[in-house]
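Structure below is run.txt: compact mmCIF, C-alpha atoms.
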# COMPACT_ATOMS: atom_id res chain seq x y z
CA MET A 1 7.21 15.46 74.37
CA TYR A 2 9.03 16.60 71.27
CA GLN A 3 12.45 16.65 72.92
CA TYR A 4 12.05 12.90 73.56
CA GLN A 5 10.81 11.85 70.13
CA GLU A 6 14.10 11.04 68.47
CA SER A 7 15.51 8.97 71.34
CA VAL A 8 12.33 6.89 71.78
CA LYS A 9 12.01 6.36 68.02
CA GLN A 10 15.59 5.15 67.84
CA LEU A 11 15.08 2.71 70.70
CA ALA A 12 11.80 1.49 69.16
CA SER A 13 13.46 0.89 65.80
CA LYS A 14 15.90 -1.54 67.41
CA LEU A 15 13.63 -3.31 69.88
CA ARG A 16 10.88 -4.15 67.42
CA TYR A 17 13.09 -6.46 65.34
CA HIS A 18 14.15 -8.79 68.14
CA LYS A 19 12.22 -12.05 68.25
CA SER A 20 12.51 -12.33 72.03
CA VAL A 21 13.22 -9.74 74.73
CA ALA A 22 13.59 -9.96 78.51
CA ILE A 23 12.47 -6.84 80.34
CA ILE A 24 14.07 -6.29 83.74
CA SER A 25 12.93 -3.87 86.45
CA HIS A 26 14.96 -2.75 89.46
CA VAL A 27 15.06 -4.53 92.81
CA ARG A 28 12.51 -3.47 95.44
CA PRO A 29 10.17 -2.47 92.61
CA ASP A 30 7.65 0.35 92.74
CA ALA A 31 4.69 1.14 90.51
CA ASP A 32 6.82 3.08 88.03
CA ALA A 33 9.16 0.13 87.57
CA ILE A 34 6.39 -2.45 87.19
CA GLY A 35 4.04 -0.20 85.21
CA SER A 36 6.80 0.72 82.76
CA GLN A 37 7.87 -2.91 82.46
CA ILE A 38 4.35 -4.06 81.69
CA GLY A 39 3.78 -1.20 79.27
CA MET A 40 6.92 -2.14 77.31
CA ALA A 41 5.92 -5.82 77.35
CA LEU A 42 2.54 -4.99 75.80
CA TRP A 43 4.16 -2.78 73.16
CA LEU A 44 6.53 -5.58 72.13
CA LYS A 45 3.79 -8.23 72.13
CA ASN A 46 2.10 -6.33 69.30
CA PHE A 47 5.03 -7.29 67.07
CA GLY A 48 4.70 -10.96 68.01
CA THR A 49 7.80 -10.72 70.21
CA ASP A 50 8.30 -13.36 72.89
CA VAL A 51 8.55 -11.36 76.12
CA LEU A 52 9.68 -12.28 79.62
CA CYS A 53 9.48 -9.87 82.56
CA HIS A 54 11.89 -10.35 85.45
CA ASN A 55 12.30 -8.92 88.94
CA ASP A 56 14.38 -10.34 91.78
CA ASP A 57 11.96 -9.34 94.51
CA PRO A 58 8.32 -10.03 95.34
CA ILE A 59 5.98 -7.39 93.93
CA PRO A 60 4.56 -5.21 96.75
CA ALA A 61 0.99 -6.11 97.63
CA ASN A 62 -0.44 -2.71 96.72
CA ILE A 63 0.76 -3.01 93.10
CA ASN A 64 0.77 -6.79 92.65
CA TRP A 65 -2.57 -6.49 90.84
CA LEU A 66 -0.69 -4.93 87.91
CA THR A 67 0.86 -8.33 87.19
CA ASP A 68 -2.62 -9.58 86.29
CA ILE A 69 -2.07 -7.54 83.11
CA PHE A 70 1.28 -9.19 82.38
CA PRO A 71 3.27 -11.55 84.65
CA VAL A 72 6.52 -10.46 86.28
CA GLN A 73 8.59 -13.41 87.47
CA ASP A 74 11.83 -14.17 89.28
CA LEU A 75 13.74 -15.83 86.43
CA SER A 76 17.01 -17.73 86.28
CA ASP A 77 20.06 -16.98 84.12
CA THR A 78 18.97 -19.83 81.86
CA ASP A 79 15.50 -18.37 81.43
CA LEU A 80 16.91 -14.96 80.61
CA ASP A 81 19.50 -16.34 78.22
CA PHE A 82 16.65 -17.66 76.09
CA CYS A 83 16.06 -14.11 74.89
CA GLU A 84 17.86 -12.26 72.11
CA ALA A 85 18.03 -8.92 73.93
CA PHE A 86 17.55 -7.28 77.31
CA LEU A 87 15.63 -4.12 78.12
CA PHE A 88 16.17 -2.48 81.52
CA VAL A 89 13.50 -0.12 82.83
CA ASP A 90 13.60 2.50 85.60
CA GLY A 91 17.26 2.01 86.47
CA ASN A 92 20.48 3.05 84.78
CA SER A 93 23.09 0.47 85.82
CA PRO A 94 23.10 -3.36 85.98
CA GLN A 95 23.80 -3.23 89.71
CA ARG A 96 20.32 -1.74 90.21
CA PHE A 97 18.75 -4.93 88.87
CA GLY A 98 19.91 -7.47 91.40
CA LYS A 99 21.44 -10.91 91.41
CA HIS A 100 21.96 -11.27 87.65
CA GLU A 101 24.42 -8.37 87.38
CA ALA A 102 27.37 -10.64 86.57
CA PHE A 103 25.32 -12.45 83.91
CA PHE A 104 24.30 -9.17 82.27
CA ARG A 105 27.85 -7.85 82.28
CA LYS A 106 29.13 -11.01 80.60
CA THR A 107 26.49 -11.32 77.91
CA ARG A 108 27.22 -10.23 74.36
CA LYS A 109 23.54 -9.79 73.63
CA PRO A 110 22.31 -6.22 73.17
CA CYS A 111 21.20 -4.36 76.30
CA TYR A 112 18.89 -1.36 76.18
CA VAL A 113 17.49 0.98 78.80
CA ILE A 114 14.57 3.36 79.21
CA ASP A 115 14.88 5.39 82.40
CA HIS A 116 14.72 8.81 84.06
CA HIS A 117 17.55 8.58 86.62
CA PRO A 118 20.67 10.76 86.21
CA GLU A 119 24.17 9.56 85.29
CA PRO A 120 23.47 6.29 83.42
CA GLU A 121 26.22 3.74 82.84
CA LYS A 122 26.37 4.63 79.16
CA GLU A 123 29.04 2.16 78.10
CA PHE A 124 26.90 -0.78 79.20
CA PHE A 125 23.91 -0.07 76.94
CA LEU A 126 23.75 -0.39 73.17
CA ASP A 127 21.00 2.21 73.04
CA MET A 128 19.16 4.23 75.65
CA VAL A 129 16.35 6.58 76.43
CA SER A 130 17.67 8.44 79.47
CA ILE A 131 15.75 11.61 80.33
CA PRO A 132 16.28 12.75 83.96
CA GLN A 133 13.86 15.64 83.42
CA ALA A 134 10.98 13.20 83.00
CA GLY A 135 8.82 12.71 86.07
CA SER A 136 8.71 8.94 85.61
CA THR A 137 9.89 6.16 83.35
CA ALA A 138 6.24 5.38 82.59
CA GLU A 139 5.98 8.81 80.97
CA LEU A 140 8.83 7.88 78.63
CA VAL A 141 7.12 4.59 77.76
CA TYR A 142 4.01 6.62 76.91
CA TYR A 143 6.08 8.72 74.48
CA LEU A 144 7.32 5.52 72.84
CA PHE A 145 3.71 4.48 72.20
CA GLN A 146 2.73 8.00 71.15
CA THR A 147 5.51 8.32 68.56
CA THR A 148 5.06 4.84 67.10
CA PHE A 149 1.59 3.32 67.49
CA PRO A 150 -0.62 5.50 69.74
CA ASP A 151 -3.69 3.39 68.95
CA TRP A 152 -2.03 0.56 70.86
CA ILE A 153 -2.73 2.43 74.10
CA ASN A 154 -5.66 0.40 75.41
CA ALA A 155 -7.09 0.03 78.91
CA GLN A 156 -4.31 -2.30 80.06
CA VAL A 157 -1.48 -0.13 78.76
CA ALA A 158 -3.10 3.03 80.12
CA THR A 159 -3.64 1.48 83.56
CA ALA A 160 -0.03 0.35 83.90
CA LEU A 161 1.43 3.67 82.73
CA TYR A 162 -0.99 5.81 84.74
CA ALA A 163 -0.10 3.93 87.93
CA GLY A 164 3.59 4.51 87.26
CA ILE A 165 3.21 8.22 86.52
CA MET A 166 0.85 8.82 89.45
CA THR A 167 3.15 7.25 92.04
CA ASP A 168 6.49 8.58 90.81
CA THR A 169 5.15 12.14 90.70
CA GLY A 170 3.73 11.91 94.23
CA SER A 171 0.18 12.01 92.90
CA PHE A 172 1.20 14.89 90.56
CA ARG A 173 2.69 17.17 93.23
CA PHE A 174 6.45 16.98 92.54
CA ASP A 175 8.52 19.60 90.70
CA SER A 176 8.85 17.28 87.71
CA VAL A 177 5.13 17.71 86.98
CA GLY A 178 4.20 20.20 84.29
CA ALA A 179 1.49 20.80 81.74
CA HIS A 180 3.01 18.01 79.64
CA THR A 181 2.41 15.53 82.47
CA HIS A 182 -1.29 16.33 82.57
CA LEU A 183 -1.51 16.10 78.79
CA VAL A 184 -0.02 12.61 78.99
CA VAL A 185 -2.40 11.39 81.69
CA SER A 186 -5.34 13.04 79.94
CA ASP A 187 -4.56 11.00 76.84
CA LEU A 188 -4.16 7.82 78.90
CA ILE A 189 -7.50 8.42 80.62
CA ARG A 190 -9.22 9.08 77.30
CA ARG A 191 -7.72 6.16 75.38
CA GLY A 192 -7.97 3.69 78.26
CA GLY A 193 -11.32 4.81 79.66
CA LEU A 194 -9.66 4.83 83.08
CA ASN A 195 -11.33 5.08 86.46
CA VAL A 196 -8.47 7.00 88.09
CA ALA A 197 -10.09 7.02 91.52
CA LYS A 198 -10.11 3.22 91.47
CA ILE A 199 -6.43 3.06 90.52
CA HIS A 200 -5.53 5.47 93.33
CA GLU A 201 -7.57 3.41 95.79
CA ARG A 202 -5.90 0.15 94.76
CA VAL A 203 -2.42 1.65 95.17
CA TYR A 204 -2.84 3.78 98.29
CA ASP A 205 -5.89 2.68 100.28
CA THR A 206 -4.57 -0.73 101.27
CA PHE A 207 -3.37 -0.28 104.86
CA THR A 208 -3.83 -3.15 107.28
CA GLU A 209 -4.27 -2.71 111.03
CA ASN A 210 -0.66 -3.82 111.55
CA GLN A 211 0.61 -1.24 109.08
CA LEU A 212 -1.28 1.51 110.88
CA ARG A 213 0.26 0.39 114.18
CA LEU A 214 3.71 0.57 112.56
CA THR A 215 2.90 4.05 111.27
CA ALA A 216 1.85 5.16 114.76
CA ARG A 217 5.12 3.87 116.22
CA ALA A 218 7.17 5.49 113.47
CA LEU A 219 5.45 8.86 113.97
CA GLY A 220 6.56 8.76 117.61
CA GLN A 221 10.16 8.41 116.40
CA ILE A 222 10.34 11.59 114.33
CA SER A 223 13.02 14.15 115.21
CA PHE A 224 13.51 17.63 113.77
CA ASP A 225 16.59 19.84 113.64
CA THR A 226 15.61 23.50 113.39
CA LYS A 227 19.09 24.55 112.18
CA THR A 228 19.18 22.23 109.16
CA CYS A 229 15.41 21.83 108.71
CA LEU A 230 16.11 18.08 108.65
CA ALA A 231 13.34 15.74 109.78
CA THR A 232 14.33 12.16 110.55
CA MET A 233 12.34 9.03 111.30
CA PHE A 234 13.66 5.58 112.20
CA ILE A 235 12.24 2.06 112.25
CA THR A 236 13.97 -0.88 113.91
CA GLU A 237 13.57 -4.59 113.29
CA GLU A 238 11.97 -4.72 116.73
CA ASP A 239 9.33 -2.24 115.53
CA LEU A 240 8.50 -4.58 112.66
CA THR A 241 8.34 -7.65 114.89
CA ASP A 242 6.17 -5.97 117.52
CA THR A 243 3.64 -4.73 114.95
CA GLY A 244 3.67 -7.87 112.81
CA CYS A 245 4.98 -6.00 109.77
CA THR A 246 7.68 -6.58 107.15
CA GLN A 247 10.11 -4.36 105.27
CA GLU A 248 7.50 -4.01 102.54
CA ASP A 249 5.24 -2.17 105.00
CA ILE A 250 7.77 0.66 105.38
CA GLU A 251 7.03 1.93 101.87
CA GLY A 252 5.61 5.45 101.93
CA LEU A 253 6.45 6.29 105.56
CA ILE A 254 9.09 8.80 104.42
CA ASN A 255 6.26 11.10 103.37
CA TYR A 256 5.32 11.80 107.00
CA PRO A 257 8.49 13.62 108.12
CA LEU A 258 8.63 15.34 104.74
CA ALA A 259 5.11 16.66 105.35
CA MET A 260 6.25 18.75 108.33
CA LYS A 261 5.74 22.41 107.50
CA GLU A 262 9.26 23.47 108.47
CA ALA A 263 11.05 20.43 107.04
CA LYS A 264 13.16 20.89 103.91
CA ILE A 265 14.90 17.50 104.02
CA ALA A 266 13.58 14.17 105.33
CA ILE A 267 15.39 10.90 105.98
CA LEU A 268 13.96 7.53 106.96
CA PHE A 269 16.35 5.07 108.63
CA SER A 270 15.21 1.44 108.63
CA GLU A 271 17.13 -1.56 109.97
CA ARG A 272 17.73 -4.39 107.49
CA LYS A 273 19.57 -7.25 109.21
CA ASN A 274 23.20 -6.05 109.45
CA LYS A 275 22.75 -2.66 107.77
CA VAL A 276 20.49 0.38 107.64
CA LYS A 277 18.43 1.42 104.62
CA LEU A 278 18.36 5.18 104.02
CA SER A 279 15.50 6.91 102.22
CA PHE A 280 16.10 10.56 101.33
CA ARG A 281 13.60 13.23 100.29
CA SER A 282 13.90 16.97 99.69
CA LYS A 283 11.46 19.79 99.07
CA SER A 284 14.14 22.46 98.68
CA ASP A 285 17.20 23.02 96.50
CA PHE A 286 19.11 20.49 98.61
CA ASP A 287 20.18 17.63 96.30
CA VAL A 288 19.62 14.33 98.10
CA ASN A 289 21.12 12.46 95.15
CA THR A 290 24.47 14.05 96.08
CA LEU A 291 23.93 13.05 99.71
CA ALA A 292 23.04 9.48 98.75
CA ARG A 293 26.30 9.02 96.85
CA PHE A 294 28.21 9.31 100.13
CA PHE A 295 26.23 6.30 101.36
CA GLU A 296 26.39 3.70 98.57
CA GLY A 297 23.31 5.05 96.84
CA GLY A 298 21.83 7.49 94.39
CA GLY A 299 18.61 8.56 92.78
CA HIS A 300 17.12 11.95 91.95
CA GLN A 301 17.63 15.46 93.27
CA LYS A 302 14.43 15.26 95.34
CA ALA A 303 14.28 11.50 96.06
CA ALA A 304 17.13 9.04 96.59
CA GLY A 305 18.26 6.10 98.68
CA GLY A 306 21.38 4.61 100.20
CA TRP A 307 22.88 2.31 102.83
CA HIS A 308 24.81 2.58 106.09
CA PRO A 309 26.55 -0.35 107.85
CA GLY A 310 24.84 0.59 111.14
CA PRO A 311 24.00 0.43 113.92
CA ILE A 312 21.05 2.73 113.45
CA GLU A 313 22.25 5.27 116.05
CA GLU A 314 25.52 5.72 114.15
CA ALA A 315 23.64 5.92 110.86
CA ILE A 316 21.51 8.78 112.13
CA GLU A 317 24.56 10.62 113.49
CA ASP A 318 26.74 10.10 110.39
CA VAL A 319 24.09 11.06 107.86
CA SER A 320 22.94 14.08 109.87
CA THR A 321 26.55 15.26 110.08
CA LYS A 322 26.96 14.90 106.32
CA VAL A 323 23.80 16.95 105.76
CA LYS A 324 25.28 19.73 107.88
CA GLU A 325 28.55 19.59 105.91
CA LEU A 326 26.78 19.80 102.56
CA LEU A 327 24.57 22.66 103.69
CA LYS A 328 27.62 24.53 104.98
CA ASN A 329 29.40 24.08 101.65
Could you quickly redo this structure as structure tokens?
Amino acid sequence: MYQYQESVKQLASKLRYHKSVAIISHVRPDADAIGSQIGMALWLKNFGTDVLCHNDDPIPANINWLTDIFPVQDLSDTDLDFCEAFLFVDGNSPQRFGKHEAFFRKTRKPCYVIDHHPEPEKEFFLDMVSIPQAGSTAELVYYLFQTTFPDWINAQVATALYAGIMTDTGSFRFDSVGAHTHLVVSDLIRRGGLNVAKIHERVYDTFTENQLRLTARALGQISFDTKTCLATMFITEEDLTDTGCTQEDIEGLINYPLAMKEAKIAILFSERKNKVKLSFRSKSDFDVNTLARFFEGGGHQKAAGGWHPGPIEEAIEDVSTKVKELLKN
């Protein structure tokens, strides 16, 4: 915690004096993005700040209940321009935040960021909390509360931040988890009086029959390369149509190939109209963030994403070949 104190205090000292702030989370949001966004909104509201929360995309059904705490809307340039400043959460470049990139790059209003992804676009932000070693952005938002007004951590704040930390650490099983992580969640549980089993259930135990049918089909499309220890899974648009699912229902499927005992790297290929979405995971020293940068993407060492122009057969071949090249080097 102590290594983060100065950066979060500095960011807090600037944010608190703006009369209105728009908080923006990255496209295709997850619980860390939304939980962090809501946590920051509640912190600012204590100062009487007018706060707007924006996201380009619909909030996934399994975390949409978080917006009952504070609304997250798809806002226009005009709506956003009402605010004095912009705070970006869980992303380190304006291109990660969707359709308003050009607006954000043109504005002369101050832009801030709180995030845990590597290699931020430093010149874009007036001030930043950028700690890649943190397991989640929600953890960094917790430190902001803890170093300023810890008594402001109530049930709503604790719920939003716990959901973000839980999901971005893989339910506390990733390498980024340490004793400090458990100290953070212990404090959130104590201050918020949280029922953590209920939060886990609301996030993870939400499968529909159609989603289970999609999962069954996807499991039949897993391949494994014993030489590279690469496990791949693919999902086509036809798979979605046949099972009555949407792109949103793909979330989390990458964990199945990664769960193979012998697998060290896992990749999920999913068709998206005229391109292929790539989801990368690693449970070895292999850096999937480096891999993702060859395919219009990025992320973390153990979790990243990217894009391929397709078709899906070529995507699988090209990415698998690049994995072999990187392993050889």
- Query: Quick one: residues within 7 Å of A:Leu52, all atoms listed in the file counted, chain neighbours fewer than 2 positions away excluded, as a count of residues only?
  - Reply: 5
- To one decimal in Å, tell me the separation between atom CA of A:Ala263 and atom CA of A:Ala231.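 Interatomic distance, atom CA of A:Ala263 to atom CA of A:Ala231: 5.9 Å.
By all atoms listed in the file, and with residues fewer than 5 positions from A:Ala155 along its chain excluded, the set lying at most 7 Å from it is Gly192, Gly193 and Leu194 of chain A.
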- Query: When you draw a straight line from atom CA of A:Arg281 to atom CA of A:Ala266, how long is it in Å?
  - Reply: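 These two atoms are separated by 5.1 Å.
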- Excluding stretch 201-214 of chain A and any residue of its chain fewer than 2 positions from it, enumerate the residues within 9 Å of it, using only C-alpha atoms, and give them as a list of chain:residue names. A:Ala31, A:Ala61, A:Asn62, A:Ile63, A:Trp65, A:Ala163, A:Thr167, A:Val196, A:Ala197, A:Lys198, A:Ile199, A:Ala216, A:Arg217, A:Ala218, A:Leu219, A:Ile235, A:Asp239, A:Leu240, A:Asp242, A:Thr243, A:Gly244, A:Cys245, A:Asp249, A:Ile250
- For stretch 252-260 of chain A, work out the shell of residues within 9 Å, counting all atoms listed in the file and skipping chain neighbours fewer than 4 positions away, then give it as a ChimeraX atom specification. /A:215,218-219,222-224,230-233,264-268,279-283
- In terms of the shortest atom-to-atom distance over only C-alpha atoms, which of A:Cys229, A:Leu11, A:Ala160, A:Leu140 is closest to A:Asn64? A:Ala160
- So, counting all atoms listed in the file, which residue among A:Tyr142, A:Gly135, A:Phe125, A:Asn289 is closest to A:Arg173? A:Gly135
- Task: Could you tell me how far atom CA of A:Asp287 lies from atom CA of A:Asp175, in Å and to one decimal?
- Result: 13.1 Å
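For the residues A:Thr181, A:Ser171, A:Thr321, A:Gln146, ranking by smallest atom-to-atom distance to A:Gln5 using only C-alpha atoms places A:Gln146 first.
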